[in-house]
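Chemist: I have a structure here, written as structure tokens, and I will follow up with some questions on it.
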There are 2 protein chains.
Amino acid sequence: MTIAEFDRDIEVWRAAPDAPGASDISGAYDAELPAGWVVGGGVNGGFLLAVVGSAVRAQLPDKPDPVTMSAAYCSAARPGPAQVRIRVRRDGGSLAVVTAELWQPGERGDELRLTTLSTYGDLARLHATANPFERVGAVEPALPARAACLPATAAPDAVRRAAPMMARFEMLFPPDQAGFAVGRPTHRGELSAWFRHHDRDPDPIALLQVLDALPPVTFDLGMPGWAPTLELTCHLRHRPAPGWLKVRHETRNVSGGMFEEDCEIWDSAGRLVAQSRQLARLPRAE
Amino acid sequence: MTIAEFDRDIEVWRAAPDAPGASDISGAYDAELPAGWVVGGGVNGGFLLAVVGSAVRAQLPDKPDPVTMSAAYCSAARPGPAQVRIRVRRDGGSLAVVTAELWQPGERGDELRLTTLSTYGDLARLHATANPFERVGAVEPALPARAACLPATAAPDAVRRAAPMMARFEMLFPPDQAGFAVGRPTHRGELSAWFRHHDRDPDPIALLQVLDALPPVTFDLGMPGWAPTLELTCHLRHRPAPGWLKVRHETRNVSGGMFEEDCEIWDSAGRLVAQSRQLARLPRAE
């Protein structure tokens with residue numbers, strides 16, 4: 001059995017917590033952030049969430065699924081060694097509340113890359129005993145057939161060099177939403193794509209990465225600059241079915257130099273399996 | 001000059017951190033949670049966010065506004081003494097990243113009520129230098145005139161006894177969305193109201209309370225039971241104009257025993273000043 005590239009990349013190893021003055025740390029895990037997940041100036045934020053998720057899963061094996069995760073980004077992560085430090089704040093019943101931080105060694109001691117606040121549980125077990133009432137008003141995106149879509153690998157060389165991450169998965173854009181890549185954004189504030197990892201079916205931890213894989217929705221508003229995320233919160237609602245995912249981003253509130261970006265992930269069974277919302281800063285005005 | 005009731009209720013006093021083994025705490029603040037903010041079995045979750053916000057504002061006076069706040073609720077808070085313990089995780093440039101926890105003394109030592117992850121800044125200063133591009137696709141709720149709406153104080157005695165909080169503010173429901181209160185929910189999964197505190201205009205910290213003031217949107221789906229919040233994230237986008245607020249809640253994804261609830265707050269100038277999303281558990285099936 002071969003291990004999928006994504007699982008190798010998010011692998012963690014139990015470590016001694018290397019955190020002075022914080023004796024309330026429940027567990028620490030070392031990771032090695034691969035250069036392959038760089039986009040622009042740092043390692044992709046969604047990938048970092050998956051590394052954190054991988055560490056929390058190791059800490060709480062009976063609650064393997066992130067149900068919610070919120071993250072604030074403190075500095076850009078670079079390829080190389082990192083440590084996830086976990087504080088279990090509550091672990092009773094079917095859910096645990098966990099804070100976890102990702103640190104990297106810097107020139108003047110350890111540097112904090114991101115801090116997270118999560119709820120962990122076992123989605124299958126949670127559902128088995130849940131109130132069965134269902135009512136999904138959100139609408140599954142109607143994407144063209146994959147053969148009619150434009151792969152991210154067709155992006156110009158310069159784009160692919162700046163975003164090695166794009167070689168880690170398949171991402172196919174509907175032709176009528178791919179204009180942002182050639183200077184013809186729709187100005188609707190919306191981006192959708194088909195998505196899958198090359199050699200692995202999705203699970204809740206992989207979805208943490210998928211929620212932050214597309215370009216910022218501001219690309220579709222004619223602002224192709226860097227849009228730094230201030231805060232990102234994910235809800236993971238179902239273990240996804242195998243196969244391709246549909247991912248949809250939109251913004252409804254660009255104001256005061258910031259924008260909210262909502263993301264939905266729909267699985268191959270037509271279920272809304274994950275939602276996220278982030279607040280990000282607009283690129284600087286030109 | 002009299003101090004408004006809400007400001008007295010969220011007042012905090014600088015304290016020595018009473019947290020064994022956590023020498024990385026930046027500051028601690030004592031508070032006294034008033035009985036007047038109880039709803040059901042505990043102190044209202046949004047009010048607790050405002051108490052945390054009040055403490056962080058005292059810690060970081062040059063970054064007085066919560067820009068984002070995420071919270072996970074660990075146990076029910078009771079009226080009485082509480083302590084907010086703050087860790088400033090990053091404070092550079094125009095924004096700070098802060099984690100803060102609210103603790104209360106319990107029978108076997110301190111008990112954690114909620115843990116939060118926030119971004120703090122000065123909204124007026126952030127806007128002054130921001131990219132001026134604006135595009136708000138969200139639509140301001142069209143509520144009937146306040147004189148045509150039904151005040152929460154008209155609720156049955158039993159409801160008001162279970163929710164003393166409802167006497168802390170004015171909340172007026174459109175007649176066509178008030179059916180939940182008399183067993184005739186609309187089943188649209190939507191609740192809106194006019195809102196104001198009695199003696200105080202809104203500010204970003206008060207908005208933290210307003211985002212969690214209405215009944216759960218599941219009341220409008222015919223499920224009037226308790227819907228415990230797992231996680232709540234707020235984005236505060238503008239300092240609100242003086243006067244009445246419009247508050248709108250809706251859910252688009254009730255599934256797997258959980259539902260997401262989105263809230264928007266619009267100020268008297270017609271601006272979308274705050275958004276929140278929470279994940280909550282459905283009431284148990286009957």
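Every chain in the structure tokens has a letter given in the order shown (A, B, ...), and although residue numbers restart at 1 in each chain, ligands are simply numbered from 1 in the order shown.
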May I have the residues within 7 Å of Leu33 (chain A) as an NGL selection string, using only C-alpha atoms and disregarding those fewer than 4 positions away in the same chain?
Modeler: :A and (79-82)
Chemist: Counting only C-alpha atoms, which residues of chain B come no farther than 6 Å from chain A, as a list in words?
Modeler: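 Here they are: Gly21, Ala22, Ser23, His127, Ala130, Asn131, Glu134, Arg135, Val136, Gly137, Ala138, Arg252, Asn253, Val254, Ser255, Gly256, Gly257, Arg284 and Ala285 of chain B.
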Chemist: Given the selection you just returned, output its residues as a file containing N, CA and C atoms, formatted as a PDB file, in the first residue's frame.
Modeler:
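So selection.pdb came out as:
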ATOM      1  N   GLY B  21       0.577  27.634  35.937  1.00  0.00           N
ATOM      2  CA  GLY B  21       1.248  27.006  34.800  1.00  0.00           C
ATOM      3  C   GLY B  21       1.059  27.701  33.488  1.00  0.00           C
ATOM      4  N   ALA B  22       0.644  28.947  33.504  1.00  0.00           N
ATOM      5  CA  ALA B  22       0.443  29.632  32.226  1.00  0.00           C
ATOM      6  C   ALA B  22       1.095  30.997  32.298  1.00  0.00           C
ATOM      7  N   SER B  23       2.417  31.005  32.339  1.00  0.00           N
ATOM      8  CA  SER B  23       3.134  32.254  32.526  1.00  0.00           C
ATOM      9  C   SER B  23       3.161  33.092  31.259  1.00  0.00           C
ATOM     10  N   HIS B 127     -10.031  51.956   8.160  1.00  0.00           N
ATOM     11  CA  HIS B 127     -10.765  52.424   6.980  1.00  0.00           C
ATOM     12  C   HIS B 127     -10.112  53.635   6.336  1.00  0.00           C
ATOM     13  N   ALA B 130      -7.614  52.473   3.856  1.00  0.00           N
ATOM     14  CA  ALA B 130      -7.956  51.252   3.111  1.00  0.00           C
ATOM     15  C   ALA B 130      -8.228  51.531   1.642  1.00  0.00           C
ATOM     16  N   ASN B 131      -8.126  50.478   0.863  1.00  0.00           N
ATOM     17  CA  ASN B 131      -8.607  50.483  -0.511  1.00  0.00           C
ATOM     18  C   ASN B 131     -10.093  50.854  -0.487  1.00  0.00           C
ATOM     19  N   GLU B 134     -15.797  49.441  -2.910  1.00  0.00           N
ATOM     20  CA  GLU B 134     -16.943  48.916  -2.150  1.00  0.00           C
ATOM     21  C   GLU B 134     -17.849  48.128  -3.094  1.00  0.00           C
ATOM     22  N   ARG B 135     -18.365  47.011  -2.599  1.00  0.00           N
ATOM     23  CA  ARG B 135     -19.334  46.237  -3.393  1.00  0.00           C
ATOM     24  C   ARG B 135     -20.080  45.320  -2.437  1.00  0.00           C
ATOM     25  N   VAL B 136     -21.267  45.743  -2.038  1.00  0.00           N
ATOM     26  CA  VAL B 136     -22.049  44.967  -1.077  1.00  0.00           C
ATOM     27  C   VAL B 136     -23.210  44.312  -1.812  1.00  0.00           C
ATOM     28  N   GLY B 137     -23.121  43.000  -1.969  1.00  0.00           N
ATOM     29  CA  GLY B 137     -24.198  42.252  -2.624  1.00  0.00           C
ATOM     30  C   GLY B 137     -25.295  41.847  -1.651  1.00  0.00           C
ATOM     31  N   ALA B 138     -24.969  41.822  -0.380  1.00  0.00           N
ATOM     32  CA  ALA B 138     -25.984  41.505   0.626  1.00  0.00           C
ATOM     33  C   ALA B 138     -27.057  42.584   0.610  1.00  0.00           C
ATOM     34  N   ARG B 252     -28.965  28.012   6.024  1.00  0.00           N
ATOM     35  CA  ARG B 252     -29.005  27.445   4.671  1.00  0.00           C
ATOM     36  C   ARG B 252     -28.590  25.982   4.676  1.00  0.00           C
ATOM     37  N   ASN B 253     -28.251  25.444   5.861  1.00  0.00           N
ATOM     38  CA  ASN B 253     -27.704  24.081   5.870  1.00  0.00           C
ATOM     39  C   ASN B 253     -27.998  23.400   7.211  1.00  0.00           C
ATOM     40  N   VAL B 254     -29.170  22.787   7.286  1.00  0.00           N
ATOM     41  CA  VAL B 254     -29.549  21.995   8.465  1.00  0.00           C
ATOM     42  C   VAL B 254     -29.354  20.541   8.084  1.00  0.00           C
ATOM     43  N   SER B 255     -28.372  19.874   8.682  1.00  0.00           N
ATOM     44  CA  SER B 255     -28.030  18.520   8.233  1.00  0.00           C
ATOM     45  C   SER B 255     -27.126  17.859   9.258  1.00  0.00           C
ATOM     46  N   GLY B 256     -27.279  16.536   9.401  1.00  0.00           N
ATOM     47  CA  GLY B 256     -26.388  15.798  10.296  1.00  0.00           C
ATOM     48  C   GLY B 256     -26.519  16.233  11.748  1.00  0.00           C
ATOM     49  N   GLY B 257     -27.704  16.704  12.137  1.00  0.00           N
ATOM     50  CA  GLY B 257     -27.922  17.084  13.530  1.00  0.00           C
ATOM     51  C   GLY B 257     -27.369  18.449  13.901  1.00  0.00           C
ATOM     52  N   ARG B 284     -32.911  18.047  20.292  1.00  0.00           N
ATOM     53  CA  ARG B 284     -33.162  16.609  20.149  1.00  0.00           C
ATOM     54  C   ARG B 284     -34.504  16.363  19.456  1.00  0.00           C
ATOM     55  N   ALA B 285     -34.558  15.298  18.649  1.00  0.00           N
ATOM     56  CA  ALA B 285     -35.828  14.925  18.022  1.00  0.00           C
ATOM     57  C   ALA B 285     -36.807  14.475  19.107  1.00  0.00           C
TER      58      ALA B 285
END
Chemist: Could you work out how far CA of Lys63 (chain A) lies from CA of Tyr120 (chain A), giving the answer in Å with one decimal?
Modeler: 5.7 Å
Chemist: Tell me, which residues of region 64-162 of chain A carry DSSP strand (DSSP E or B), written as a PyMOL selection string?
Modeler: chain A and resi 65-73+80-92+95-106+109-121+135-136+150-151
Chemist: Those selected residues, please, written with N, CA and C atoms and delivered as a short mmCIF file (atom, residue, chain, number, x, y, z; two decimals), in the first residue's frame.
Modeler:
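Wrote result-v8.cif, looks like this:
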data_model
loop_
_atom_site.label_atom_id
_atom_site.label_comp_id
_atom_site.auth_asym_id
_atom_site.auth_seq_id
_atom_site.Cartn_x
_atom_site.Cartn_y
_atom_site.Cartn_z
N ASP A 65 -12.27 13.98 13.60
CA ASP A 65 -12.72 14.92 12.57
C ASP A 65 -12.82 16.34 13.11
N PRO A 66 -12.22 17.31 12.39
CA PRO A 66 -12.51 18.70 12.72
C PRO A 66 -13.98 18.96 12.37
N VAL A 67 -14.74 19.49 13.31
CA VAL A 67 -16.13 19.86 13.04
C VAL A 67 -16.19 21.36 12.76
N THR A 68 -15.44 22.13 13.56
CA THR A 68 -15.23 23.54 13.24
C THR A 68 -13.75 23.84 13.46
N MET A 69 -13.21 24.75 12.67
CA MET A 69 -11.85 25.23 12.92
C MET A 69 -11.79 26.71 12.53
N SER A 70 -11.32 27.54 13.45
CA SER A 70 -11.07 28.94 13.17
C SER A 70 -9.58 29.19 13.27
N ALA A 71 -9.06 30.04 12.40
CA ALA A 71 -7.63 30.30 12.40
C ALA A 71 -7.36 31.77 12.16
N ALA A 72 -6.36 32.30 12.87
CA ALA A 72 -5.84 33.63 12.58
C ALA A 72 -4.39 33.46 12.19
N TYR A 73 -4.01 34.11 11.10
CA TYR A 73 -2.66 33.96 10.55
C TYR A 73 -1.78 35.07 11.10
N GLY A 80 9.90 23.77 5.62
CA GLY A 80 10.87 23.37 6.64
C GLY A 80 10.18 22.91 7.91
N PRO A 81 10.97 22.76 8.98
CA PRO A 81 10.41 22.21 10.21
C PRO A 81 9.39 23.14 10.86
N ALA A 82 8.41 22.53 11.52
CA ALA A 82 7.36 23.27 12.22
C ALA A 82 6.92 22.41 13.39
N GLN A 83 6.31 23.07 14.38
CA GLN A 83 5.75 22.31 15.49
C GLN A 83 4.32 22.79 15.79
N VAL A 84 3.42 21.81 15.97
CA VAL A 84 2.04 22.11 16.36
C VAL A 84 1.92 21.87 17.86
N ARG A 85 1.49 22.89 18.59
CA ARG A 85 1.32 22.77 20.04
C ARG A 85 -0.16 22.87 20.39
N ILE A 86 -0.63 21.87 21.10
CA ILE A 86 -2.07 21.67 21.31
C ILE A 86 -2.42 21.87 22.77
N ARG A 87 -3.50 22.62 22.99
CA ARG A 87 -4.11 22.67 24.32
C ARG A 87 -5.53 22.13 24.19
N VAL A 88 -5.81 21.01 24.83
CA VAL A 88 -7.19 20.50 24.86
C VAL A 88 -7.91 21.28 25.95
N ARG A 89 -8.93 22.05 25.56
CA ARG A 89 -9.61 22.93 26.51
C ARG A 89 -10.82 22.27 27.12
N ARG A 90 -11.38 21.30 26.44
CA ARG A 90 -12.54 20.57 26.95
C ARG A 90 -12.59 19.27 26.17
N ASP A 91 -12.78 18.15 26.86
CA ASP A 91 -12.91 16.88 26.16
C ASP A 91 -13.89 16.03 26.94
N GLY A 92 -15.15 16.19 26.64
CA GLY A 92 -16.17 15.42 27.34
C GLY A 92 -17.29 15.14 26.37
N LEU A 95 -17.72 15.76 21.85
CA LEU A 95 -16.94 16.81 21.21
C LEU A 95 -15.82 17.30 22.12
N ALA A 96 -14.74 17.71 21.52
CA ALA A 96 -13.64 18.34 22.26
C ALA A 96 -13.41 19.74 21.69
N VAL A 97 -13.00 20.65 22.57
CA VAL A 97 -12.59 21.99 22.15
C VAL A 97 -11.07 22.06 22.30
N VAL A 98 -10.41 22.48 21.24
CA VAL A 98 -8.95 22.41 21.17
C VAL A 98 -8.41 23.72 20.63
N THR A 99 -7.36 24.25 21.25
CA THR A 99 -6.61 25.32 20.59
C THR A 99 -5.26 24.72 20.17
N ALA A 100 -4.80 25.13 19.01
CA ALA A 100 -3.54 24.59 18.50
C ALA A 100 -2.82 25.68 17.73
N GLU A 101 -1.52 25.74 17.91
CA GLU A 101 -0.72 26.77 17.25
C GLU A 101 0.40 26.12 16.44
N LEU A 102 0.72 26.73 15.33
CA LEU A 102 1.82 26.25 14.50
C LEU A 102 2.99 27.23 14.61
N TRP A 103 4.12 26.69 15.03
CA TRP A 103 5.33 27.50 15.24
C TRP A 103 6.44 27.01 14.30
N GLN A 104 7.35 27.93 13.95
CA GLN A 104 8.55 27.55 13.20
C GLN A 104 9.77 28.23 13.83
N PRO A 105 10.90 27.56 13.79
CA PRO A 105 12.11 28.20 14.30
C PRO A 105 12.46 29.40 13.44
N GLY A 106 12.80 30.52 14.11
CA GLY A 106 13.18 31.73 13.38
C GLY A 106 14.55 32.19 13.85
N GLY A 109 14.51 32.87 17.88
CA GLY A 109 13.60 31.97 18.59
C GLY A 109 12.41 31.58 17.74
N ASP A 110 11.48 30.87 18.34
CA ASP A 110 10.34 30.35 17.58
C ASP A 110 9.39 31.48 17.18
N GLU A 111 8.83 31.34 16.01
CA GLU A 111 7.89 32.33 15.49
C GLU A 111 6.53 31.67 15.29
N LEU A 112 5.48 32.38 15.71
CA LEU A 112 4.13 31.85 15.60
C LEU A 112 3.59 32.11 14.19
N ARG A 113 3.16 31.04 13.52
CA ARG A 113 2.60 31.19 12.17
C ARG A 113 1.08 31.33 12.20
N LEU A 114 0.42 30.46 12.93
CA LEU A 114 -1.03 30.62 13.02
C LEU A 114 -1.53 30.01 14.31
N THR A 115 -2.64 30.56 14.78
CA THR A 115 -3.27 30.08 15.99
C THR A 115 -4.70 29.70 15.64
N THR A 116 -5.14 28.57 16.18
CA THR A 116 -6.43 28.00 15.78
C THR A 116 -7.27 27.64 16.99
N LEU A 117 -8.58 27.63 16.77
CA LEU A 117 -9.55 27.23 17.79
C LEU A 117 -10.51 26.27 17.09
N SER A 118 -10.61 25.04 17.60
CA SER A 118 -11.35 24.00 16.88
C SER A 118 -12.29 23.24 17.78
N THR A 119 -13.28 22.63 17.15
CA THR A 119 -14.13 21.63 17.78
C THR A 119 -13.88 20.32 17.05
N TYR A 120 -13.58 19.27 17.78
CA TYR A 120 -13.30 17.97 17.18
C TYR A 120 -14.30 16.91 17.63
N GLY A 121 -14.62 15.99 16.73
CA GLY A 121 -15.51 14.89 17.07
C GLY A 121 -15.40 13.80 16.03
N ARG A 135 -32.61 20.14 6.04
CA ARG A 135 -33.18 21.22 5.21
C ARG A 135 -32.02 22.05 4.69
N VAL A 136 -31.64 21.78 3.44
CA VAL A 136 -30.50 22.48 2.86
C VAL A 136 -31.03 23.46 1.81
N LEU A 150 -11.41 24.35 -17.83
CA LEU A 150 -10.02 24.72 -18.09
C LEU A 150 -9.16 24.35 -16.88
N PRO A 151 -8.16 23.49 -17.07
CA PRO A 151 -7.34 23.08 -15.92
C PRO A 151 -6.41 24.20 -15.47
#
Chemist: Output as a list in words all residues of region 19-50 of chain B that backbone DSSP marks as helix (DSSP H, G or I).
Modeler: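 Answer for region 19-50 of chain B, restricted to helix (DSSP H, G or I): Ala35, Gly36, Trp37, Gly45, Gly46, Phe47, Leu48, Leu49 and Ala50 of chain B.
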Chemist: From the list A:Phe6, A:Leu60, A:Cys263, A:Gly45, which residue is nearest Gly27 (chain A) when using only C-alpha atoms?
Modeler: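 Checking each candidate against Gly27 (chain A), we get A:Leu60 as the closest.
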Chemist: Find the residue from B:Ala154, B:Ala162, B:Val182, B:Ala241 that sits nearest to Arg196 (chain B); use only C-alpha atoms when measuring.
Modeler: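 Answer, going by the shortest atom-to-atom distance: B:Ala241.
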Chemist: Would you list the contacts of Gly46 (chain B) as a ChimeraX atom specification, taking every protein, DNA or RNA residue within 9 Å and counting only C-alpha atoms, but skipping same-chain residues closer than 4 positions in sequence?
Modeler: /B:50-51,207-213
Chemist: Save the residues we just selected, C-alpha atoms, as a PDB file, in the first residue's frame?
Modeler:
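The resulting file, result-v1.pdb, is shown below:
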ATOM      1  CA  ALA B  50     -18.887  41.532  24.876  1.00  0.00           C
ATOM      2  CA  VAL B  51     -17.318  40.977  28.319  1.00  0.00           C
ATOM      3  CA  LEU B 207     -22.612  44.327  18.407  1.00  0.00           C
ATOM      4  CA  LEU B 208     -20.955  41.164  19.756  1.00  0.00           C
ATOM      5  CA  GLN B 209     -23.966  40.830  22.043  1.00  0.00           C
ATOM      6  CA  VAL B 210     -26.503  41.785  19.369  1.00  0.00           C
ATOM      7  CA  LEU B 211     -25.236  39.000  17.068  1.00  0.00           C
ATOM      8  CA  ASP B 212     -26.542  36.418  19.561  1.00  0.00           C
ATOM      9  CA  ALA B 213     -29.661  38.147  20.915  1.00  0.00           C
TER      10      ALA B 213
END
Chemist: Rank nothing, just name the residue among A:Gly41, A:Gly36, A:Pro175, A:Pro164 nearest to Asp9 (chain A), using only C-alpha atoms.
Modeler: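 Closest candidate: A:Gly36.
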Chemist: Could you please determine the separation between CA of Glu5 (chain B) and CA of Arg125 (chain B) in Å, to one decimal place?
Modeler: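 That distance, rounded to one decimal, is 27.9 Å.
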Chemist: Between CA of Leu191 (chain B) and CA of His249 (chain B), what is the spacing in Å?
Modeler: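 About the pair CA of His249 (chain B) and CA of Leu191 (chain B): they are 5.2 Å apart.
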